[in-house]
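**Q** Structure file input38.txt (compact mmCIF, C-alpha atoms) right here:
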# COMPACT_ATOMS: atom_id res chain seq x y z
CA MET D 255 55.41 -117.29 25.77
CA THR D 256 56.48 -117.10 29.42
CA GLU D 257 57.70 -113.53 28.91
CA LEU D 258 54.37 -112.60 27.31
CA ILE D 259 52.38 -114.00 30.25
CA LEU D 260 54.57 -112.23 32.85
CA PHE D 261 54.96 -108.79 31.25
CA GLY D 262 51.64 -108.82 29.39
CA SER D 263 49.55 -109.51 32.49
CA LEU D 264 51.57 -106.91 34.44
CA ALA D 265 51.00 -104.27 31.73
CA ILE D 266 47.26 -104.99 31.58
CA MET D 267 46.87 -104.73 35.37
CA ILE D 268 48.82 -101.46 35.51
CA PHE D 269 46.66 -100.13 32.66
CA ILE D 270 43.41 -100.92 34.52
CA ASN D 271 44.84 -99.21 37.61
CA ILE D 272 45.49 -102.20 39.86
CA PRO D 273 48.07 -101.14 42.51
CA ILE D 274 51.58 -101.99 41.34
CA ALA D 275 52.34 -104.12 44.40
CA ILE D 276 49.32 -106.36 43.75
CA ALA D 277 49.96 -106.42 40.00
CA LEU D 278 53.53 -107.70 40.49
CA GLY D 279 52.36 -110.55 42.70
CA LEU D 280 49.46 -111.57 40.46
CA ALA D 281 51.60 -111.46 37.29
CA SER D 282 54.08 -113.80 38.98
CA ILE D 283 51.32 -116.19 40.09
CA PHE D 284 49.78 -116.28 36.58
CA THR D 285 53.22 -117.16 35.17
CA LEU D 286 53.75 -119.94 37.72
CA ILE D 287 50.32 -121.37 36.90
CA TYR D 288 51.17 -121.31 33.19
CA THR D 289 54.51 -123.07 33.74
CA GLY D 290 53.01 -125.59 36.15
CA ASP D 291 55.32 -124.68 39.03
CA PRO D 292 53.98 -125.12 42.59
CA LEU D 293 52.41 -121.99 44.09
CA GLY D 294 53.78 -122.94 47.50
CA VAL D 295 56.92 -121.03 46.59
CA VAL D 296 55.04 -117.71 46.71
CA PRO D 297 54.65 -117.27 50.51
CA SER D 298 58.16 -118.60 51.18
CA MET D 299 59.66 -116.15 48.66
CA MET D 300 57.65 -113.27 50.12
CA GLN D 301 59.01 -114.08 53.56
CA ALA D 302 62.58 -114.53 52.33
CA THR D 303 62.51 -111.18 50.48
CA VAL D 304 61.65 -109.11 53.55
CA GLN D 305 63.51 -111.21 56.12
CA LYS D 306 66.69 -109.18 55.74
CA PHE D 307 68.36 -107.12 58.45
CA THR D 308 69.20 -104.34 55.98
CA LEU D 309 65.49 -103.55 55.51
CA LEU D 310 65.29 -102.28 59.09
CA THR D 311 67.06 -99.20 57.75
CA ILE D 312 63.94 -98.13 55.85
CA PRO D 313 61.49 -97.52 58.73
CA LEU D 314 64.28 -96.08 60.88
CA PHE D 315 65.30 -93.43 58.36
CA ILE D 316 61.64 -92.61 57.63
CA LEU D 317 61.01 -92.14 61.37
CA ALA D 318 64.18 -90.06 61.75
CA GLY D 319 62.96 -87.73 58.98
CA ALA D 320 59.51 -87.41 60.57
CA LEU D 321 61.01 -86.60 63.98
CA MET D 322 63.42 -84.12 62.39
CA ASP D 323 60.46 -82.32 60.85
CA CYS D 324 58.13 -82.20 63.85
CA GLY D 325 61.06 -81.58 66.22
CA GLY D 326 61.88 -78.25 64.60
CA ILE D 327 65.18 -79.19 62.94
CA SER D 328 64.00 -78.65 59.37
CA LYS D 329 62.62 -75.14 59.91
CA ARG D 330 65.87 -74.05 61.58
CA LEU D 331 67.90 -75.33 58.65
CA ILE D 332 65.60 -73.37 56.33
CA LYS D 333 66.07 -70.22 58.43
CA LEU D 334 69.87 -70.60 58.27
CA ALA D 335 69.86 -71.10 54.49
CA ASN D 336 67.56 -68.10 54.12
CA CYS D 337 70.03 -65.90 56.03
CA PHE D 338 72.67 -66.64 53.40
CA PHE D 339 70.59 -66.51 50.22
CA GLY D 340 67.19 -64.96 50.97
CA GLY D 341 68.16 -61.44 49.89
CA ILE D 342 69.41 -62.22 46.37
CA LYS D 343 67.57 -62.96 43.13
CA GLY D 344 66.36 -66.52 43.25
CA GLY D 345 67.56 -66.75 46.84
CA MET D 346 64.44 -68.38 48.20
CA GLY D 347 64.74 -70.96 45.41
CA PHE D 348 68.32 -71.64 46.52
CA VAL D 349 66.98 -72.14 50.04
CA ALA D 350 64.45 -74.69 48.76
CA VAL D 351 67.20 -76.71 47.05
CA ILE D 352 69.77 -76.48 49.85
CA ALA D 353 67.26 -77.22 52.61
CA ALA D 354 66.07 -80.25 50.63
CA MET D 355 69.68 -81.48 50.42
CA PHE D 356 70.11 -81.16 54.20
CA PHE D 357 66.79 -82.85 54.95
CA ALA D 358 67.49 -85.59 52.40
CA ALA D 359 70.70 -86.38 54.28
CA ILE D 360 68.56 -87.62 57.16
CA SER D 361 65.20 -88.80 55.83
CA GLY D 362 66.39 -90.71 52.74
CA SER D 363 62.96 -90.16 51.20
CA GLY D 364 62.05 -87.81 48.36
CA THR D 365 58.35 -87.52 49.19
CA ALA D 366 59.08 -86.86 52.88
CA THR D 367 61.49 -84.10 51.85
CA VAL D 368 58.85 -82.40 49.67
CA ALA D 369 56.27 -82.56 52.47
CA ALA D 370 58.64 -81.22 55.14
CA ILE D 371 60.40 -78.48 53.16
CA GLY D 372 57.67 -77.57 50.69
CA SER D 373 55.04 -76.89 53.36
CA ILE D 374 57.27 -74.07 54.66
CA LEU D 375 58.97 -72.76 51.53
CA ILE D 376 56.27 -72.88 48.82
CA PRO D 377 54.04 -70.31 50.62
CA ALA D 378 57.16 -68.21 51.39
CA MET D 379 58.24 -68.21 47.74
CA VAL D 380 54.77 -67.25 46.49
CA LYS D 381 54.71 -64.42 49.05
CA GLU D 382 57.98 -63.08 47.58
CA GLY D 383 56.48 -62.98 44.09
CA TYR D 384 57.61 -66.34 42.66
CA ASP D 385 55.20 -68.07 40.30
CA ALA D 386 53.18 -70.68 42.22
CA GLY D 387 53.69 -73.32 39.53
CA PHE D 388 57.46 -72.79 39.52
CA SER D 389 57.64 -72.72 43.34
CA SER D 390 55.79 -76.01 43.69
CA GLY D 391 57.71 -77.55 40.77
CA LEU D 392 61.07 -76.56 42.27
CA SER D 393 60.04 -77.98 45.64
CA ALA D 394 58.93 -81.22 43.98
CA ILE D 395 62.17 -81.74 42.04
CA SER D 396 64.34 -80.60 44.97
CA GLY D 397 62.64 -83.30 47.03
CA SER D 398 63.99 -85.79 44.51
CA LEU D 399 67.41 -85.09 46.00
CA GLY D 400 66.21 -87.29 48.87
CA THR D 401 66.61 -90.21 46.49
CA VAL D 402 70.17 -89.30 45.50
CA ILE D 403 71.74 -87.68 48.58
CA PRO D 404 72.72 -90.36 51.12
CA PRO D 405 71.33 -92.00 53.12
CA SER D 406 68.91 -93.05 50.40
CA ILE D 407 66.24 -95.74 50.72
CA THR D 408 66.53 -96.37 46.98
CA PHE D 409 70.29 -97.01 47.32
CA ILE D 410 69.57 -99.44 50.17
CA ILE D 411 67.17 -101.44 48.00
CA TYR D 412 69.56 -101.40 45.03
CA GLY D 413 72.36 -102.66 47.29
CA MET D 414 70.09 -105.38 48.66
CA ILE D 415 69.25 -106.61 45.15
CA THR D 416 72.78 -106.48 43.70
CA GLY D 417 74.85 -107.28 46.80
CA GLU D 418 76.88 -104.06 46.39
CA SER D 419 78.12 -102.22 49.49
CA ILE D 420 75.49 -99.78 50.74
CA GLY D 421 78.25 -97.65 52.26
CA ASP D 422 79.96 -97.38 48.86
CA LEU D 423 76.65 -96.49 47.22
CA PHE D 424 76.11 -93.74 49.80
CA PHE D 425 79.60 -92.37 49.09
CA ALA D 426 78.91 -92.49 45.35
CA GLY D 427 75.70 -90.47 45.68
CA ILE D 428 77.27 -87.41 47.35
CA VAL D 429 78.89 -85.66 44.37
CA PRO D 430 76.06 -86.43 41.86
CA GLY D 431 73.53 -85.16 44.41
CA MET D 432 75.49 -81.94 44.87
CA LEU D 433 75.84 -81.59 41.09
CA PHE D 434 72.07 -82.06 40.73
CA GLY D 435 71.48 -79.35 43.35
CA PHE D 436 73.99 -76.93 41.76
CA ILE D 437 72.34 -77.21 38.33
CA LEU D 438 68.89 -76.57 39.87
CA CYS D 439 70.25 -73.49 41.68
CA LEU D 440 71.90 -72.23 38.50
CA TYR D 441 68.66 -72.44 36.53
CA THR D 442 66.72 -70.89 39.42
CA TYR D 443 69.06 -67.90 39.46
CA PHE D 444 68.67 -67.15 35.75
CA ILE D 445 64.89 -67.62 35.62
CA SER D 446 64.46 -65.53 38.79
CA LYS D 447 66.62 -62.75 37.41
CA LYS D 448 64.63 -62.78 34.17
CA ASN D 449 61.29 -62.57 36.01
CA ASN D 450 62.51 -60.38 38.90
CA TRP D 451 61.62 -63.00 41.52
CA GLY D 452 62.95 -62.75 45.05
CA GLY D 453 65.66 -60.52 46.38
CA GLN D 454 63.12 -58.14 47.91
CA GLY D 455 64.46 -58.41 51.45
CA LYS D 456 67.73 -57.12 52.85
CA MET D 457 70.73 -59.35 53.32
CA ALA D 458 71.06 -60.82 56.80
CA SER D 459 73.58 -59.21 59.12
CA GLY D 460 76.53 -61.10 60.54
CA LYS D 461 74.77 -61.33 63.91
CA GLU D 462 71.58 -62.72 62.31
CA ILE D 463 73.61 -65.33 60.43
CA TRP D 464 75.49 -66.30 63.59
CA ASP D 465 72.30 -66.56 65.65
CA ALA D 466 70.65 -68.71 62.97
CA PHE D 467 73.78 -70.88 62.77
CA ILE D 468 73.82 -71.48 66.55
CA ASP D 469 70.08 -72.22 66.53
CA ALA D 470 70.48 -74.72 63.66
CA LEU D 471 73.69 -76.27 64.97
CA TRP D 472 71.98 -79.37 66.36
CA GLY D 473 70.34 -79.92 62.99
CA LEU D 474 73.65 -79.48 61.17
CA PHE D 475 75.15 -82.20 63.34
CA SER D 476 72.50 -84.69 62.18
CA PRO D 477 73.97 -85.63 58.77
CA ILE D 478 77.50 -85.46 60.21
CA ILE D 479 76.65 -88.02 62.89
CA VAL D 480 74.64 -90.29 60.60
CA LEU D 481 76.91 -90.28 57.56
CA GLY D 482 80.10 -89.99 59.59
CA GLY D 483 79.19 -93.14 61.49
CA ILE D 484 78.75 -95.06 58.23
CA TYR D 485 81.80 -93.72 56.40
CA SER D 486 84.12 -94.13 59.39
CA GLY D 487 83.12 -97.78 59.68
CA LEU D 488 81.92 -97.33 63.27
CA LEU D 489 78.29 -97.98 62.33
CA THR D 490 76.46 -100.07 59.75
CA PRO D 491 73.73 -98.25 57.78
CA THR D 492 71.09 -99.91 60.00
CA GLU D 493 72.84 -98.88 63.20
CA SER D 494 73.32 -95.38 61.80
CA ALA D 495 69.58 -95.16 61.07
CA ALA D 496 68.84 -96.13 64.69
CA VAL D 497 71.24 -93.42 65.90
CA ALA D 498 69.45 -90.91 63.63
CA VAL D 499 66.11 -91.75 65.26
CA ILE D 500 67.51 -91.40 68.80
CA TYR D 501 69.34 -88.18 67.96
CA SER D 502 66.34 -86.56 66.25
CA PHE D 503 64.10 -87.55 69.17
CA LEU D 504 66.46 -86.22 71.86
CA VAL D 505 67.03 -82.92 70.04
CA GLY D 506 63.31 -82.46 69.37
CA VAL D 507 62.29 -83.24 72.97
CA PHE D 508 65.09 -81.83 75.13
CA VAL D 509 66.80 -79.13 73.02
CA TYR D 510 64.13 -77.57 70.81
CA LYS D 511 61.27 -78.95 72.95
CA GLU D 512 58.87 -79.16 70.01
CA ILE D 513 58.11 -82.90 69.97
CA LYS D 514 54.89 -83.48 71.89
CA LEU D 515 53.07 -86.75 72.48
CA GLN D 516 50.56 -86.07 69.70
CA ASN D 517 53.04 -85.33 66.90
CA PHE D 518 55.30 -88.15 68.12
CA LEU D 519 52.41 -90.59 67.74
CA GLN D 520 51.61 -89.09 64.34
CA SER D 521 55.22 -89.69 63.28
CA LEU D 522 55.01 -93.33 64.39
CA PHE D 523 51.73 -93.80 62.52
CA ALA D 524 53.07 -92.20 59.31
CA THR D 525 56.24 -94.32 59.52
CA GLY D 526 54.26 -97.52 59.98
CA LYS D 527 51.96 -96.68 57.08
CA THR D 528 54.80 -95.82 54.68
CA THR D 529 56.87 -98.84 55.74
CA GLY D 530 53.91 -101.17 55.27
CA ILE D 531 53.40 -99.92 51.71
CA ILE D 532 57.10 -100.29 50.87
CA LEU D 533 57.34 -103.81 52.34
CA LEU D 534 54.22 -104.92 50.47
CA ILE D 535 55.84 -103.75 47.24
CA ILE D 536 59.14 -105.44 48.15
CA MET D 537 57.43 -108.77 48.94
CA ASN D 538 55.54 -108.92 45.64
CA ALA D 539 58.44 -107.49 43.66
CA GLY D 540 60.68 -110.17 45.18
CA ILE D 541 58.42 -112.88 43.75
CA PHE D 542 58.47 -111.15 40.36
CA SER D 543 62.26 -110.91 40.40
CA TRP D 544 62.56 -114.59 41.37
CA VAL D 545 60.27 -115.64 38.49
CA LEU D 546 62.36 -113.55 36.08
CA THR D 547 65.50 -115.42 37.10
CA GLU D 548 64.07 -118.89 37.71
CA GLN D 549 62.25 -119.05 34.38
CA GLY D 550 65.33 -117.87 32.49
CA ILE D 551 63.56 -114.71 31.30
CA ALA D 552 66.30 -112.41 32.56
CA ALA D 553 68.98 -114.44 30.78
CA ARG D 554 67.07 -114.42 27.49
CA LEU D 555 66.47 -110.68 27.71
CA THR D 556 70.18 -110.17 28.42
CA GLU D 557 71.13 -112.13 25.30
CA PHE D 558 68.63 -110.13 23.26
CA ALA D 559 69.96 -106.78 24.54
CA LEU D 560 73.57 -107.76 23.84
CA SER D 561 72.62 -108.87 20.33
CA LEU D 562 71.36 -105.33 19.65
CA THR D 563 74.55 -103.57 20.72
CA GLN D 564 77.72 -104.15 22.70
CA ASP D 565 78.65 -100.48 22.75
CA LYS D 566 78.78 -99.28 26.36
CA ILE D 567 77.66 -95.72 25.52
CA VAL D 568 74.66 -96.87 23.48
CA MET D 569 73.68 -99.35 26.21
CA LEU D 570 73.86 -96.66 28.90
CA LEU D 571 71.61 -94.45 26.77
CA LEU D 572 69.12 -97.32 26.40
CA ILE D 573 69.24 -98.01 30.16
CA ASN D 574 68.52 -94.33 30.85
CA ILE D 575 65.55 -94.34 28.49
CA VAL D 576 64.15 -97.53 30.04
CA PHE D 577 64.46 -96.25 33.61
CA LEU D 578 63.10 -92.79 32.78
CA CYS D 579 60.05 -94.46 31.24
CA ALA D 580 59.75 -96.86 34.19
CA GLY D 581 59.85 -93.94 36.60
CA CYS D 582 56.81 -92.47 34.84
CA VAL D 583 54.58 -95.45 35.63
CA MET D 584 55.91 -97.17 38.77
CA ASP D 585 57.54 -96.48 42.10
CA ASN D 586 61.28 -96.78 42.68
CA THR D 587 61.15 -100.08 44.56
CA SER D 588 59.10 -101.86 41.89
CA ALA D 589 61.28 -100.50 39.09
CA LEU D 590 64.46 -101.75 40.77
CA PHE D 591 63.13 -105.24 41.49
CA ILE D 592 61.75 -105.63 37.97
CA LEU D 593 64.59 -104.15 35.93
CA VAL D 594 67.84 -104.58 37.89
CA PRO D 595 67.90 -108.42 37.51
CA ILE D 596 67.70 -107.79 33.75
CA ILE D 597 70.11 -104.85 33.59
CA MET D 598 72.76 -106.23 35.96
CA PRO D 599 74.13 -109.07 33.77
CA ILE D 600 74.13 -106.76 30.73
CA ALA D 601 76.12 -104.13 32.61
CA LYS D 602 78.61 -106.68 33.93
CA ALA D 603 79.09 -108.14 30.45
CA LEU D 604 79.97 -104.68 29.11
CA GLY D 605 82.26 -103.81 32.04
CA ILE D 606 80.03 -101.11 33.53
CA ASP D 607 80.86 -100.47 37.19
CA MET D 608 77.92 -101.57 39.36
CA ILE D 609 78.31 -98.70 41.84
CA HIS D 610 78.31 -96.18 38.99
CA LEU D 611 75.31 -97.95 37.46
CA GLY D 612 73.49 -97.72 40.79
CA VAL D 613 73.93 -93.95 40.87
CA VAL D 614 72.73 -93.63 37.27
CA LEU D 615 69.63 -95.74 37.98
CA VAL D 616 68.80 -93.87 41.18
CA LEU D 617 69.19 -90.50 39.45
CA ASN D 618 66.82 -91.70 36.73
CA LEU D 619 64.28 -92.79 39.32
CA SER D 620 64.64 -89.51 41.21
CA ILE D 621 63.61 -87.69 38.04
CA GLY D 622 60.75 -90.21 37.76
CA GLN D 623 59.38 -88.92 41.07
CA VAL D 624 58.36 -85.72 39.28
CA THR D 625 57.09 -87.18 36.01
CA PRO D 626 53.41 -88.11 35.50
CA PRO D 627 51.34 -90.20 35.71
CA VAL D 628 52.85 -91.50 38.99
CA GLY D 629 55.15 -88.61 40.05
CA PRO D 630 54.35 -88.65 43.79
CA ASN D 631 56.38 -85.50 44.49
CA LEU D 632 54.25 -83.54 42.03
CA TYR D 633 51.01 -84.41 43.79
CA VAL D 634 52.41 -83.60 47.24
CA ALA D 635 53.78 -80.21 46.08
CA ALA D 636 50.60 -79.34 44.14
CA ASP D 637 48.49 -80.12 47.21
CA ILE D 638 50.68 -77.89 49.40
CA ALA D 639 50.62 -75.00 46.89
CA LYS D 640 46.91 -75.48 46.07
CA VAL D 641 47.67 -75.22 42.35
CA LYS D 642 46.24 -77.13 39.40
CA PHE D 643 48.27 -80.01 37.98
CA GLU D 644 48.67 -78.13 34.69
CA SER D 645 50.28 -75.21 36.55
CA ILE D 646 52.85 -77.32 38.37
CA MET D 647 53.69 -79.20 35.15
CA LYS D 648 54.36 -75.87 33.41
CA GLY D 649 56.71 -74.91 36.24
CA VAL D 650 58.52 -78.24 36.54
CA THR D 651 59.05 -79.01 32.82
CA PRO D 652 62.13 -76.76 32.31
CA LEU D 653 63.51 -78.05 35.62
CA LEU D 654 63.18 -81.59 34.30
CA LEU D 655 65.12 -80.62 31.18
CA VAL D 656 68.03 -79.20 33.19
CA SER D 657 67.92 -82.30 35.41
CA LEU D 658 68.59 -84.37 32.30
CA VAL D 659 71.85 -82.43 31.94
CA ALA D 660 72.89 -83.69 35.40
CA LEU D 661 71.82 -87.20 34.41
CA LEU D 662 73.92 -87.19 31.23
CA LEU D 663 76.97 -85.83 33.06
CA VAL D 664 76.74 -88.53 35.73
CA THR D 665 76.08 -91.24 33.13
CA PHE D 666 79.03 -90.51 30.86
CA VAL D 667 81.51 -89.16 33.42
CA PRO D 668 81.82 -91.99 35.98
CA TRP D 669 84.26 -89.85 37.98
CA PHE D 670 81.34 -87.98 39.54
CA SER D 671 80.13 -91.25 41.09
CA LEU D 672 83.43 -92.90 41.88
CA CYS D 673 85.71 -90.00 42.93
CA LEU D 674 85.10 -90.51 46.67
CA LEU D 675 85.58 -94.30 46.67
Translate the structure of the given file into structure tokens.
**A**
Amino acid sequence: MTELILFGSLAIMIFINIPIAIALGLASIFTLIYTGDPLGVVPSMMQATVQKFTLLTIPLFILAGALMDCGGISKRLIKLANCFFGGIKGGMGFVAVIAAMFFAAISGSGTATVAAIGSILIPAMVKEGYDAGFSSGLSAISGSLGTVIPPSITFIIYGMITGESIGDLFFAGIVPGMLFGFILCLYTYFISKKNNWGGQGKMASGKEIWDAFIDALWGLFSPIIVLGGIYSGLLTPTESAAVAVIYSFLVGVFVYKEIKLQNFLQSLFATGKTTGIILLIIMNAGIFSWVLTEQGIAARLTEFALSLTQDKIVMLLLINIVFLCAGCVMDNTSALFILVPIIMPIAKALGIDMIHLGVVLVLNLSIGQVTPPVGPNLYVAADIAKVKFESIMKGVTPLLLVSLVALLLVTFVPWFSLCLL
């Protein structure tokens, strides 16, 4: 009955469109009332959930991404990528994917990547003859790389919940993220060749490539400094995020001279707003996760899952299905806090590596960022392109199917996740 109260009330509130953060908290409170437990635990658990040093990484990486965008780093990276690929079939699509990978390596946020890269590249792709629905769909799903390519806010939250090393999770996300990007580029090439998209301009000369490289050099150093600091052991992820903010600010103010007081204040405001939303979700999701464990619900669900199958392959398929469905109706943070406490003991019982599992879950949730009804990347890209939702769904659907190929490869070939550890 406890499970019915917790999950039933949550489902009803999501169905009537109550914000997921509020729904998680209220479902937990209803369950505590039913069980007769004191409600005084709620504020203390909310405080304990967000009172963690690791969470400082989230606003810092969000701010670094905002400063990178308004400071001119992102557009220079796009220009450099365009020099290499802009003149070939599907080249501008390649640029969208590659630029998203570079930007993701600083911002750690999928939605921020779509906003920063898509606002420049979607109009450019449409101008070169690409279908508007495909252009916005490719930008939306490329932005999902921000969830997979380190540093990733979703990896940070997964590490916080499971206790796994965030540095190891970042390492594990590199190859799957590159695989994801390669498969998107491969599909883009074939569909562009079929429809004669792109490739209208001439290839850049050696001098143009060199000039673009020199101009973008400060931006290219950004992921090297941030990720190099973490992987070398010189910096923790939180310290690395602080370095990313300082570096992006200094480059934007003193090198490119594009950060002005107004857009700096706008970056601070956007960071505060996004961080506030994430922390509200984390606080309420923390209560929900605690109720799952404290009431023995997670343990009972684990026993039930293991009674269905103890085959690792079948269980991984079920986990993928669950997280793909979860990504359709809730944000990444909520999905992790709700489902990881249930999935984790099942995975450990079957001998599934927790780092590999983290990559699989994050890749699932990255695909969830472009699946309705939530799909935040879709709405951002559609707004930029000024296209109807039906149009962007037509463009993104085949991209989602090829993304599932990347998901299956990462799921059943752990080497992709663990080869750098």
**Q** For each of D:Glu557, D:Asp585, D:Asp323, D:Asp469, take the minimum atom-to-atom distance to D:Ile531, counting all atoms listed in the file, then give the residue where this is smallest.
**A** D:Asp585
**Q** Mind giving me the straight-line distance from atom CA of D:Asn631 to atom CA of D:Ser398 in Å, one decimal?
**A** 7.6 Å
**Q** Would you please work out which residue, of D:Thr416, D:Ser620, D:Ser588, D:Ser390, is nearest to D:Leu534 when using all atoms listed in the file?
**A**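 So, comparing all the options, the nearest one is D:Ser588.
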**Q** Show which residues sit within 8 Å of stretch 659-672 of chain D, as a PDB file with C-alpha atoms, keeping the file's coordinate frame. Count only C-alpha atoms, and ignore same-chain residues fewer than 3 positions away.
**A**
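The result, written out as selection_28.pdb:
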ATOM      1  CA  ALA D 426      78.910 -92.490  45.350  1.00  0.00           C
ATOM      2  CA  GLY D 427      75.700 -90.470  45.680  1.00  0.00           C
ATOM      3  CA  ILE D 428      77.270 -87.410  47.350  1.00  0.00           C
ATOM      4  CA  VAL D 429      78.890 -85.660  44.370  1.00  0.00           C
ATOM      5  CA  PRO D 430      76.060 -86.430  41.860  1.00  0.00           C
ATOM      6  CA  LEU D 433      75.840 -81.590  41.090  1.00  0.00           C
ATOM      7  CA  PHE D 434      72.070 -82.060  40.730  1.00  0.00           C
ATOM      8  CA  ILE D 437      72.340 -77.210  38.330  1.00  0.00           C
ATOM      9  CA  ILE D 567      77.660 -95.720  25.520  1.00  0.00           C
ATOM     10  CA  LEU D 570      73.860 -96.660  28.900  1.00  0.00           C
ATOM     11  CA  ILE D 609      78.310 -98.700  41.840  1.00  0.00           C
ATOM     12  CA  HIS D 610      78.310 -96.180  38.990  1.00  0.00           C
ATOM     13  CA  VAL D 613      73.930 -93.950  40.870  1.00  0.00           C
ATOM     14  CA  VAL D 614      72.730 -93.630  37.270  1.00  0.00           C
ATOM     15  CA  LEU D 617      69.190 -90.500  39.450  1.00  0.00           C
ATOM     16  CA  ASN D 618      66.820 -91.700  36.730  1.00  0.00           C
ATOM     17  CA  LEU D 655      65.120 -80.620  31.180  1.00  0.00           C
ATOM     18  CA  VAL D 656      68.030 -79.200  33.190  1.00  0.00           C
ATOM     19  CA  LEU D 675      85.580 -94.300  46.670  1.00  0.00           C
TER      20      LEU D 675
END
**Q** Find the residue from D:Phe467, D:Pro405, D:Ile592, D:Ile606 that sits nearest to D:Gly483; use all atoms listed in the file when measuring.
**A**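 Checking each candidate against D:Gly483, we get D:Pro405 as the closest.
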**Q** Starting from the point (65.0, -92.7, 28.1), work out which residues of protein, DNA or RNA have an atom no more than 12 Å away when counting all atoms listed in the file; state them as a short mmCIF file (atom, residue, chain, number, x, y, z; two decimals) with C-alpha atoms, in the frame of the given file.
**A**
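Final output, saved to selection-v8.cif:
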data_model
loop_
_atom_site.label_atom_id
_atom_site.label_comp_id
_atom_site.auth_asym_id
_atom_site.auth_seq_id
_atom_site.Cartn_x
_atom_site.Cartn_y
_atom_site.Cartn_z
CA VAL D 568 74.66 -96.87 23.48
CA MET D 569 73.68 -99.35 26.21
CA LEU D 570 73.86 -96.66 28.90
CA LEU D 571 71.61 -94.45 26.77
CA LEU D 572 69.12 -97.32 26.40
CA ILE D 573 69.24 -98.01 30.16
CA ASN D 574 68.52 -94.33 30.85
CA ILE D 575 65.55 -94.34 28.49
CA VAL D 576 64.15 -97.53 30.04
CA PHE D 577 64.46 -96.25 33.61
CA LEU D 578 63.10 -92.79 32.78
CA CYS D 579 60.05 -94.46 31.24
CA ALA D 580 59.75 -96.86 34.19
CA GLY D 581 59.85 -93.94 36.60
CA CYS D 582 56.81 -92.47 34.84
CA LEU D 615 69.63 -95.74 37.98
CA ASN D 618 66.82 -91.70 36.73
CA LEU D 619 64.28 -92.79 39.32
CA ILE D 621 63.61 -87.69 38.04
CA GLY D 622 60.75 -90.21 37.76
CA LEU D 658 68.59 -84.37 32.30
CA LEU D 661 71.82 -87.20 34.41
CA LEU D 662 73.92 -87.19 31.23
#
**Q** Find the residue from D:Gly344, D:Pro273, D:Gly435, D:Gly372 that sits nearest to D:Ile332; use all atoms listed in the file when measuring.
**A**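 Counting all atoms listed in the file, the residue closest to D:Ile332 is D:Gly372.
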**Q** For stretch 309-311 of chain D, please output as a PyMOL selection string all residues within 7 Å (counting all atoms listed in the file; exclusion window: fewer than 6 positions along the same chain).
**A** chain D and resi 491-492+495
**Q** Take atom CA of D:Phe357 and atom CA of D:Leu471 and report the distance between them in Å, one decimal.
**A** 13.8 Å
**Q** With all atoms listed in the file as the counted atoms, please give the residues lying no more than 8 Å from D:Thr408, apart from itself and same-chain residues fewer than 2 positions off, as a list in words.
**A**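 Surrounding residues, per the criterion: Thr401, Ser406, Ile410, Ile411, Tyr412, Asn586, Thr587 and Val616 of chain D.
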**Q** So how far away is atom CA of D:Lys640 from atom CA of D:Ala386, in Å?
**A**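 We find that atom CA of D:Ala386 and atom CA of D:Lys640 lie 8.8 Å from each other.
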**Q** Ranking D:Ser494, D:Ile415, D:Phe338, D:Ile395 by minimum distance to D:Gly460 and counting only C-alpha atoms, which one comes first?
**A**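 Answer, going by the shortest atom-to-atom distance: D:Phe338.
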**Q** Could you tell me which of D:Gln564, D:Ala539, D:Leu593, D:Ile374 comes closest to D:Ile551 if we count all atoms listed in the file?
**A**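 For D:Ile551, the nearest of the candidates is D:Leu593.
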